[in-house]
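Structure file upload29.pdb (PDB, C-alpha atoms, pLDDT in the B column) follows.
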```
ATOM      1  CA  MET R   1     -27.631-124.792-179.352  1.00 61.00           C
ATOM      2  CA  ASN R   2     -24.103-123.530-178.873  1.00 80.00           C
ATOM      3  CA  ASN R   3     -22.890-123.196-175.318  1.00 90.00           C
ATOM      4  CA  VAL R   4     -19.835-121.721-173.603  1.00 94.00           C
ATOM      5  CA  ILE R   5     -17.119-124.174-172.545  1.00 93.00           C
ATOM      6  CA  ARG R   6     -14.718-122.790-169.932  1.00 95.00           C
ATOM      7  CA  CYS R   7     -11.223-124.277-169.746  1.00 95.00           C
ATOM      8  CA  GLU R   8      -7.765-123.506-168.413  1.00 97.00           C
ATOM      9  CA  TYR R   9      -4.339-124.757-169.495  1.00 96.00           C
ATOM     10  CA  ARG R  10      -0.764-124.625-168.336  1.00 97.00           C
ATOM     11  CA  GLY R  11       2.334-124.314-170.526  1.00 96.00           C
ATOM     12  CA  LYS R  12       6.022-123.622-169.979  1.00 97.00           C
ATOM     13  CA  CYS R  13       8.569-121.667-171.996  1.00 97.00           C
ATOM     14  CA  LYS R  14      11.341-123.672-173.625  1.00 95.00           C
ATOM     15  CA  VAL R  15      14.803-123.413-172.134  1.00 93.00           C
ATOM     16  CA  GLY R  16      16.731-120.994-174.311  1.00 90.00           C
ATOM     17  CA  SER R  17      13.641-119.356-175.818  1.00 91.00           C
ATOM     18  CA  THR R  18      14.181-115.591-175.942  1.00 95.00           C
ATOM     19  CA  GLU R  19      11.899-112.876-174.623  1.00 96.00           C
ATOM     20  CA  GLU R  20      11.752-111.457-178.133  1.00 97.00           C
ATOM     21  CA  ALA R  21      10.517-114.782-179.533  1.00 97.00           C
ATOM     22  CA  PHE R  22       7.930-115.129-176.771  1.00 97.00           C
ATOM     23  CA  SER R  23       6.636-111.569-177.218  1.00 97.00           C
ATOM     24  CA  LYS R  24       6.301-112.063-180.978  1.00 97.00           C
ATOM     25  CA  ALA R  25       4.459-115.389-180.585  1.00 97.00           C
ATOM     26  CA  ALA R  26       2.152-113.958-177.918  1.00 98.00           C
ATOM     27  CA  ALA R  27       1.337-110.913-180.068  1.00 98.00           C
ATOM     28  CA  GLN R  28       0.449-113.161-183.018  1.00 97.00           C
ATOM     29  CA  THR R  29      -1.687-115.353-180.771  1.00 97.00           C
ATOM     30  CA  HIS R  30      -3.446-112.278-179.381  1.00 97.00           C
ATOM     31  CA  GLU R  31      -4.347-111.179-182.909  1.00 97.00           C
ATOM     32  CA  LEU R  32      -5.616-114.653-183.865  1.00 96.00           C
ATOM     33  CA  ALA R  33      -7.623-114.947-180.630  1.00 96.00           C
ATOM     34  CA  ALA R  34      -9.234-111.557-181.300  1.00 96.00           C
ATOM     35  CA  GLU R  35     -10.230-112.792-184.769  1.00 96.00           C
ATOM     36  CA  ALA R  36     -11.705-115.967-183.231  1.00 94.00           C
ATOM     37  CA  VAL R  37     -13.762-113.807-180.854  1.00 95.00           C
ATOM     38  CA  ARG R  38     -14.998-111.687-183.758  1.00 94.00           C
ATOM     39  CA  ARG R  39     -15.965-114.860-185.664  1.00 93.00           C
ATOM     40  CA  GLY R  40     -17.998-116.040-182.689  1.00 92.00           C
ATOM     41  CA  GLU R  41     -15.749-119.010-181.902  1.00 92.00           C
ATOM     42  CA  MET R  42     -14.675-117.711-178.503  1.00 94.00           C
ATOM     43  CA  MET R  43     -16.242-115.472-175.911  1.00 95.00           C
ATOM     44  CA  THR R  44     -13.070-114.755-173.935  1.00 97.00           C
ATOM     45  CA  CYS R  45      -9.409-115.659-174.301  1.00 97.00           C
ATOM     46  CA  ALA R  46      -6.611-114.551-171.983  1.00 98.00           C
ATOM     47  CA  MET R  47      -2.977-115.514-171.477  1.00 98.00           C
ATOM     48  CA  PHE R  48      -1.033-115.038-168.237  1.00 98.00           C
ATOM     49  CA  ARG R  49       2.570-115.555-167.193  1.00 98.00           C
ATOM     50  CA  HIS R  50       4.665-116.143-164.084  1.00 97.00           C
ATOM     51  CA  GLU R  51       8.366-116.461-164.855  1.00 96.00           C
ATOM     52  CA  GLN R  52       8.504-119.383-167.330  1.00 96.00           C
ATOM     53  CA  LEU R  53       4.988-120.671-166.600  1.00 98.00           C
ATOM     54  CA  ILE R  54       2.223-119.704-169.029  1.00 98.00           C
ATOM     55  CA  PHE R  55      -1.526-120.036-168.409  1.00 98.00           C
ATOM     56  CA  LEU R  56      -4.576-119.843-170.678  1.00 97.00           C
ATOM     57  CA  TYR R  57      -8.183-119.092-169.834  1.00 98.00           C
ATOM     58  CA  ILE R  58     -10.606-119.786-172.683  1.00 96.00           C
ATOM     59  CA  GLU R  59     -14.369-119.503-173.111  1.00 96.00           C
ATOM     60  CA  TYR R  60     -15.004-121.495-176.268  1.00 94.00           C
ATOM     61  CA  ILE R  61     -18.372-121.283-178.074  1.00 93.00           C
ATOM     62  CA  GLY R  62     -19.574-124.595-179.478  1.00 87.00           C
ATOM     63  CA  ASN R  63     -21.150-127.971-178.796  1.00 80.00           C
ATOM     64  CA  GLU R  64     -18.005-129.799-177.711  1.00 76.00           C
ATOM     65  CA  THR R  65     -17.423-130.725-174.090  1.00 69.00           C
ATOM     66  CA  PHE R  66     -13.662-130.174-174.365  1.00 69.00           C
ATOM     67  CA  TYR R  67     -11.472-127.680-176.212  1.00 76.00           C
ATOM     68  CA  GLN R  68      -7.835-128.385-177.087  1.00 75.00           C
ATOM     69  CA  PRO R  69      -5.778-125.253-177.909  1.00 80.00           C
ATOM     70  CA  GLN R  70      -3.647-126.906-180.585  1.00 70.00           C
ATOM     71  CA  GLY R  71      -5.198-125.275-183.660  1.00 77.00           C
ATOM     72  CA  GLU R  72      -4.529-122.179-185.712  1.00 87.00           C
ATOM     73  CA  VAL R  73      -5.099-119.656-182.915  1.00 93.00           C
ATOM     74  CA  PHE R  74      -2.326-121.056-180.732  1.00 94.00           C
ATOM     75  CA  ALA R  75       0.052-122.268-183.447  1.00 94.00           C
ATOM     76  CA  PRO R  76       2.445-119.286-183.000  1.00 96.00           C
ATOM     77  CA  MET R  77       3.206-120.465-179.442  1.00 96.00           C
ATOM     78  CA  HIS R  78       4.453-123.901-180.530  1.00 94.00           C
ATOM     79  CA  ASP R  79       8.088-122.914-181.058  1.00 94.00           C
ATOM     80  CA  VAL R  80       8.427-121.151-177.692  1.00 96.00           C
ATOM     81  CA  LEU R  81       6.754-123.751-175.457  1.00 96.00           C
ATOM     82  CA  MET R  82       8.297-126.951-174.192  1.00 95.00           C
ATOM     83  CA  PRO R  83       6.327-130.150-174.925  1.00 92.00           C
ATOM     84  CA  TRP R  84       4.272-131.738-172.159  1.00 89.00           C
ATOM     85  CA  PRO R  85       4.270-135.550-172.260  1.00 87.00           C
ATOM     86  CA  GLY R  86       0.832-136.858-173.207  1.00 81.00           C
ATOM     87  CA  PHE R  87      -0.689-140.340-173.171  1.00 80.00           C
ATOM     88  CA  TYR R  88      -0.386-140.727-176.934  1.00 82.00           C
ATOM     89  CA  GLU R  89       1.623-137.688-177.981  1.00 85.00           C
ATOM     90  CA  ASP R  90       3.240-134.583-176.538  1.00 89.00           C
ATOM     91  CA  THR R  91       1.285-131.348-176.328  1.00 90.00           C
ATOM     92  CA  ASP R  92       2.057-127.631-175.971  1.00 93.00           C
ATOM     93  CA  TRP R  93      -0.587-127.151-173.285  1.00 94.00           C
ATOM     94  CA  THR R  94      -1.620-129.404-170.438  1.00 94.00           C
ATOM     95  CA  TYR R  95      -5.235-129.337-169.289  1.00 94.00           C
ATOM     96  CA  MET R  96      -5.977-128.065-165.784  1.00 96.00           C
ATOM     97  CA  GLU R  97      -8.906-129.770-164.073  1.00 96.00           C
ATOM     98  CA  PRO R  98     -11.644-127.381-162.827  1.00 97.00           C
ATOM     99  CA  VAL R  99     -12.138-127.458-159.046  1.00 98.00           C
ATOM    100  CA  PHE R 100     -14.116-124.315-158.177  1.00 98.00           C
ATOM    101  CA  TRP R 101     -16.650-121.927-159.739  1.00 97.00           C
ATOM    102  CA  PHE R 102     -19.708-119.878-158.746  1.00 96.00           C
ATOM    103  CA  ASP R 103     -21.825-120.260-161.902  1.00 95.00           C
ATOM    104  CA  VAL R 104     -22.134-122.390-165.043  1.00 94.00           C
ATOM    105  CA  PRO R 105     -22.792-120.988-168.551  1.00 94.00           C
ATOM    106  CA  LYS R 106     -26.216-122.051-169.833  1.00 92.00           C
ATOM    107  CA  SER R 107     -25.940-120.294-173.202  1.00 92.00           C
ATOM    108  CA  VAL R 108     -23.981-117.529-174.909  1.00 92.00           C
ATOM    109  CA  ASP R 109     -26.652-114.981-173.997  1.00 92.00           C
ATOM    110  CA  HIS R 110     -26.722-116.170-170.388  1.00 92.00           C
ATOM    111  CA  TRP R 111     -22.933-115.764-170.104  1.00 94.00           C
ATOM    112  CA  ARG R 112     -22.664-112.399-171.857  1.00 92.00           C
ATOM    113  CA  ARG R 113     -21.262-109.723-169.523  1.00 91.00           C
ATOM    114  CA  LYS R 114     -23.641-106.938-168.585  1.00 88.00           C
ATOM    115  CA  MET R 115     -20.677-104.585-168.566  1.00 88.00           C
ATOM    116  CA  LYS R 116     -17.126-104.783-169.862  1.00 89.00           C
ATOM    117  CA  PRO R 117     -14.709-105.793-167.079  1.00 94.00           C
ATOM    118  CA  ASP R 118     -12.118-103.300-165.947  1.00 95.00           C
ATOM    119  CA  ALA R 119      -9.531-106.093-166.133  1.00 96.00           C
ATOM    120  CA  ARG R 120      -9.209-109.834-166.780  1.00 97.00           C
ATOM    121  CA  CYS R 121      -6.819-111.261-164.230  1.00 98.00           C
ATOM    122  CA  GLY R 122      -4.998-114.443-163.296  1.00 98.00           C
ATOM    123  CA  ARG R 123      -3.427-115.658-160.089  1.00 98.00           C
ATOM    124  CA  ILE R 124      -1.706-118.842-158.960  1.00 98.00           C
ATOM    125  CA  ALA R 125      -1.355-120.819-155.739  1.00 98.00           C
ATOM    126  CA  ARG R 126       0.771-123.773-154.664  1.00 98.00           C
ATOM    127  CA  LEU R 127      -0.776-126.455-152.481  1.00 98.00           C
ATOM    128  CA  GLN R 128       1.080-128.471-149.886  1.00 97.00           C
ATOM    129  CA  PRO R 129       1.346-131.940-151.527  1.00 95.00           C
ATOM    130  CA  ASN R 130      -0.243-133.673-148.533  1.00 96.00           C
ATOM    131  CA  LYS R 131      -3.121-131.147-148.506  1.00 96.00           C
ATOM    132  CA  LEU R 132      -3.961-131.254-152.226  1.00 96.00           C
ATOM    133  CA  TRP R 133      -6.951-133.586-152.060  1.00 95.00           C
ATOM    134  CA  GLY R 134      -8.285-131.857-148.959  1.00 97.00           C
ATOM    135  CA  TYR R 135      -8.438-128.585-150.899  1.00 98.00           C
ATOM    136  CA  VAL R 136     -10.052-130.240-153.925  1.00 98.00           C
ATOM    137  CA  THR R 137     -12.588-132.204-151.846  1.00 98.00           C
ATOM    138  CA  HIS R 138     -13.754-129.134-149.922  1.00 98.00           C
ATOM    139  CA  HIS R 139     -14.027-126.920-152.982  1.00 98.00           C
ATOM    140  CA  LEU R 140     -15.950-129.441-155.063  1.00 97.00           C
ATOM    141  CA  ALA R 141     -18.283-129.895-152.084  1.00 97.00           C
ATOM    142  CA  ILE R 142     -18.885-126.118-152.020  1.00 97.00           C
ATOM    143  CA  VAL R 143     -19.681-126.188-155.747  1.00 97.00           C
ATOM    144  CA  GLU R 144     -21.993-129.211-155.357  1.00 97.00           C
ATOM    145  CA  GLU R 145     -23.850-127.513-152.508  1.00 96.00           C
ATOM    146  CA  GLY R 146     -24.172-124.440-154.746  1.00 96.00           C
ATOM    147  CA  THR R 147     -25.190-121.806-152.182  1.00 96.00           C
ATOM    148  CA  PHE R 148     -21.909-119.920-151.610  1.00 96.00           C
ATOM    149  CA  VAL R 149     -22.124-116.521-153.332  1.00 95.00           C
ATOM    150  CA  GLY R 150     -19.228-114.888-155.172  1.00 94.00           C
ATOM    151  CA  ASP R 151     -17.681-113.627-158.407  1.00 94.00           C
ATOM    152  CA  ARG R 152     -19.658-115.169-161.261  1.00 94.00           C
ATOM    153  CA  PHE R 153     -16.672-115.356-163.612  1.00 96.00           C
ATOM    154  CA  GLN R 154     -14.066-116.742-161.201  1.00 97.00           C
ATOM    155  CA  PHE R 155     -12.787-120.164-162.282  1.00 98.00           C
ATOM    156  CA  ILE R 156     -10.108-122.225-160.509  1.00 98.00           C
ATOM    157  CA  SER R 157      -8.357-125.266-161.982  1.00 98.00           C
ATOM    158  CA  ILE R 158      -5.557-127.553-160.844  1.00 98.00           C
ATOM    159  CA  HIS R 159      -2.605-129.403-162.378  1.00 97.00           C
ATOM    160  CA  GLU R 160      -0.216-131.247-160.085  1.00 95.00           C
ATOM    161  CA  ASN R 161      -0.201-129.080-156.929  1.00 97.00           C
ATOM    162  CA  LEU R 162      -0.555-125.796-158.857  1.00 98.00           C
ATOM    163  CA  LEU R 163      -3.816-123.832-158.881  1.00 98.00           C
ATOM    164  CA  PHE R 164      -4.682-121.219-161.500  1.00 98.00           C
ATOM    165  CA  SER R 165      -7.546-118.816-160.827  1.00 98.00           C
ATOM    166  CA  TYR R 166      -9.140-116.559-163.460  1.00 98.00           C
ATOM    167  CA  TYR R 167     -11.244-113.591-162.366  1.00 97.00           C
ATOM    168  CA  GLU R 168     -12.440-110.222-163.594  1.00 96.00           C
ATOM    169  CA  THR R 169     -12.662-106.837-161.912  1.00 95.00           C
ATOM    170  CA  PRO R 170     -14.677-105.329-160.401  1.00 94.00           C
ATOM    171  CA  ARG R 171     -15.313-108.629-158.640  1.00 89.00           C
ATOM    172  CA  ASP R 172     -18.698-107.695-157.160  1.00 86.00           C
ATOM    173  CA  ARG R 173     -20.500-106.657-160.325  1.00 85.00           C
ATOM    174  CA  GLU R 174     -22.307-109.972-160.984  1.00 89.00           C
ATOM    175  CA  ASN R 175     -22.142-112.015-157.787  1.00 92.00           C
ATOM    176  CA  THR R 176     -24.204-115.202-157.742  1.00 93.00           C
ATOM    177  CA  ASN R 177     -24.073-118.885-156.840  1.00 93.00           C
ATOM    178  CA  VAL R 178     -24.517-122.161-158.720  1.00 92.00           C
ATOM    179  CA  LYS R 179     -28.107-122.757-157.589  1.00 92.00           C
ATOM    180  CA  GLY R 180     -29.202-119.136-157.823  1.00 88.00           C
ATOM    181  CA  ILE R 181     -30.843-119.217-154.410  1.00 87.00           C
ATOM    182  CA  SER R 182     -30.301-117.386-151.140  1.00 84.00           C
ATOM    183  CA  ALA R 183     -29.134-119.856-148.497  1.00 90.00           C
ATOM    184  CA  GLU R 184     -26.291-120.263-146.041  1.00 93.00           C
ATOM    185  CA  SER R 185     -23.351-122.428-147.105  1.00 95.00           C
ATOM    186  CA  VAL R 186     -22.559-125.235-144.695  1.00 97.00           C
ATOM    187  CA  GLU R 187     -19.623-126.380-146.842  1.00 97.00           C
ATOM    188  CA  ILE R 188     -17.793-123.049-146.717  1.00 96.00           C
ATOM    189  CA  GLU R 189     -17.922-123.231-142.924  1.00 97.00           C
ATOM    190  CA  ARG R 190     -16.459-126.755-143.060  1.00 97.00           C
ATOM    191  CA  TRP R 191     -13.656-125.426-145.261  1.00 97.00           C
ATOM    192  CA  LYS R 192     -12.929-122.574-142.859  1.00 96.00           C
ATOM    193  CA  ALA R 193     -12.829-125.037-139.966  1.00 97.00           C
ATOM    194  CA  VAL R 194      -9.868-127.001-141.369  1.00 96.00           C
ATOM    195  CA  ASP R 195      -7.524-123.961-141.421  1.00 95.00           C
ATOM    196  CA  PRO R 196      -7.394-123.083-145.140  1.00 96.00           C
ATOM    197  CA  ARG R 197      -3.998-121.357-144.923  1.00 96.00           C
ATOM    198  CA  ASN R 198      -2.196-124.528-143.933  1.00 96.00           C
ATOM    199  CA  HIS R 199      -3.129-126.025-147.308  1.00 97.00           C
ATOM    200  CA  PHE R 200      -0.865-123.584-149.175  1.00 97.00           C
ATOM    201  CA  ILE R 201       2.804-122.951-149.827  1.00 97.00           C
ATOM    202  CA  HIS R 202       2.784-119.199-149.287  1.00 97.00           C
ATOM    203  CA  PHE R 203       4.411-116.592-151.528  1.00 96.00           C
ATOM    204  CA  GLU R 204       7.068-114.640-149.670  1.00 93.00           C
ATOM    205  CA  GLU R 205       7.184-112.124-152.535  1.00 91.00           C
ATOM    206  CA  ALA R 206       3.497-111.357-151.878  1.00 90.00           C
ATOM    207  CA  GLY R 207       3.765-110.937-148.118  1.00 93.00           C
ATOM    208  CA  GLY R 208       2.961-114.576-147.390  1.00 94.00           C
ATOM    209  CA  ALA R 209      -0.272-114.594-149.409  1.00 96.00           C
ATOM    210  CA  ASP R 210      -1.921-117.853-150.508  1.00 96.00           C
ATOM    211  CA  PHE R 211      -2.441-116.600-154.089  1.00 97.00           C
ATOM    212  CA  LEU R 212      -0.103-114.538-156.267  1.00 97.00           C
ATOM    213  CA  THR R 213      -1.518-112.287-158.994  1.00 97.00           C
ATOM    214  CA  ILE R 214       0.501-112.742-162.186  1.00 98.00           C
ATOM    215  CA  GLN R 215       1.184-110.865-165.414  1.00 98.00           C
ATOM    216  CA  THR R 216      -1.561-110.599-168.027  1.00 98.00           C
ATOM    217  CA  VAL R 217       0.130-111.199-171.390  1.00 98.00           C
ATOM    218  CA  PHE R 218      -3.041-110.430-173.368  1.00 98.00           C
ATOM    219  CA  ASP R 219      -6.800-110.641-173.010  1.00 97.00           C
ATOM    220  CA  VAL R 220      -9.714-110.282-175.391  1.00 97.00           C
ATOM    221  CA  GLY R 221     -13.457-110.689-174.924  1.00 95.00           C
ATOM    222  CA  ILE R 222     -16.747-110.582-176.773  1.00 85.00           C
ATOM    223  CA  THR R 223     -17.777-107.371-175.018  1.00 64.00           C
ATOM    224  CA  GLU R 224     -15.154-105.408-176.967  1.00 49.00           C
TER     225      GLU R 224
END
```
Mind turning the file's structure into structure tokens?
Amino acid sequence: MNNVIRCEYRGKCKVGSTEEAFSKAAAQTHELAAEAVRRGEMMTCAMFRHEQLIFLYIEYIGNETFYQPQGEVFAPMHDVLMPWPGFYEDTDWTYMEPVFWFDVPKSVDHWRRKMKPDARCGRIARLQPNKLWGYVTHHLAIVEEGTFVGDRFQFISIHENLLFSYYETPRDRENTNVKGISAESVEIERWKAVDPRNHFIHFEEAGGADFLTIQTVFDVGITE
């Protein structure tokens, strides 16, 4: 049975790449992603941008445990992205490791939205280097405990000290938790007790906020 694999990636625009070239590549990728959704290969695909940093959120439909966005859908982006050094070869996109979520897809039908989201959004955060593993440890503990309730479709991943968070609005339309039970979360209280804000490099341009909402380049989903 096909399932939904959620994944997030980070890319960066090449030095010297023009806005015109990026816009053209992104528009072509949007069209190809929409076709992949119509073919039933993806449930959701969205691209986000902050300055020269580019982020992908993908819900891929299949039996694989890992999806690499190097195929036809993302080919137009190749000429505008700088290569990331890989173990065997360079890549356009570097994988971001998941660190926090409220629910896990069990099937395509299970993950299908009950209503079309108003918006598909992305935001980023920067962790203090000496606080990185504290953040990751607490958030994986919250997921493992599975009783903290929140936005079903939120998904946070990390690469280096950079977090990327995908979410949809309205954020309270399908709140749940991993275990699907009503119980108090001990782990969220432990996280609150270690002063969460001191884990972040705050964004002055967002009034000192931990997370910064960034530009949505395109988004497409199976509900459309």
Notebook entry, point to check: What does the distance from atom CA of R:Val136 to atom CA of R:Pro98 come to in Å, to one decimal?
Noted result: 9.5 Å
Check: List as a ChimeraX atom specification: which residues have an atom within 9 Å of (-10.4, -122.4, -167.1), counting all atoms listed in the file?
Finding: /R:5-9,56-59,95-98,154-157,164-166
Item checked: Output of the PyMOL selection byres ((chain R and resi 129) around 12), listed as an MDAnalysis selection string -> chainID R and resid 126:128 130:136 159:162 198:201
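You can rank R:Ile61, R:Ala21, R:Ile124, R:Ala36 by their closest distance to R:Pro105 using only C-alpha atoms, and at the top of that list sits R:Ile61.
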May I have the centre and edge lengths, in Å to one decimal, of an axis-aligned box around the listed atoms of stretch 117-120 of chain R with 3 Å added to every side, as lines of an AutoDock Vina configuration file?
```
center_x = -12.0
center_y = -106.6
center_z = -166.5
size_x = 11.5
size_y = 12.5
size_z = 7.1
```
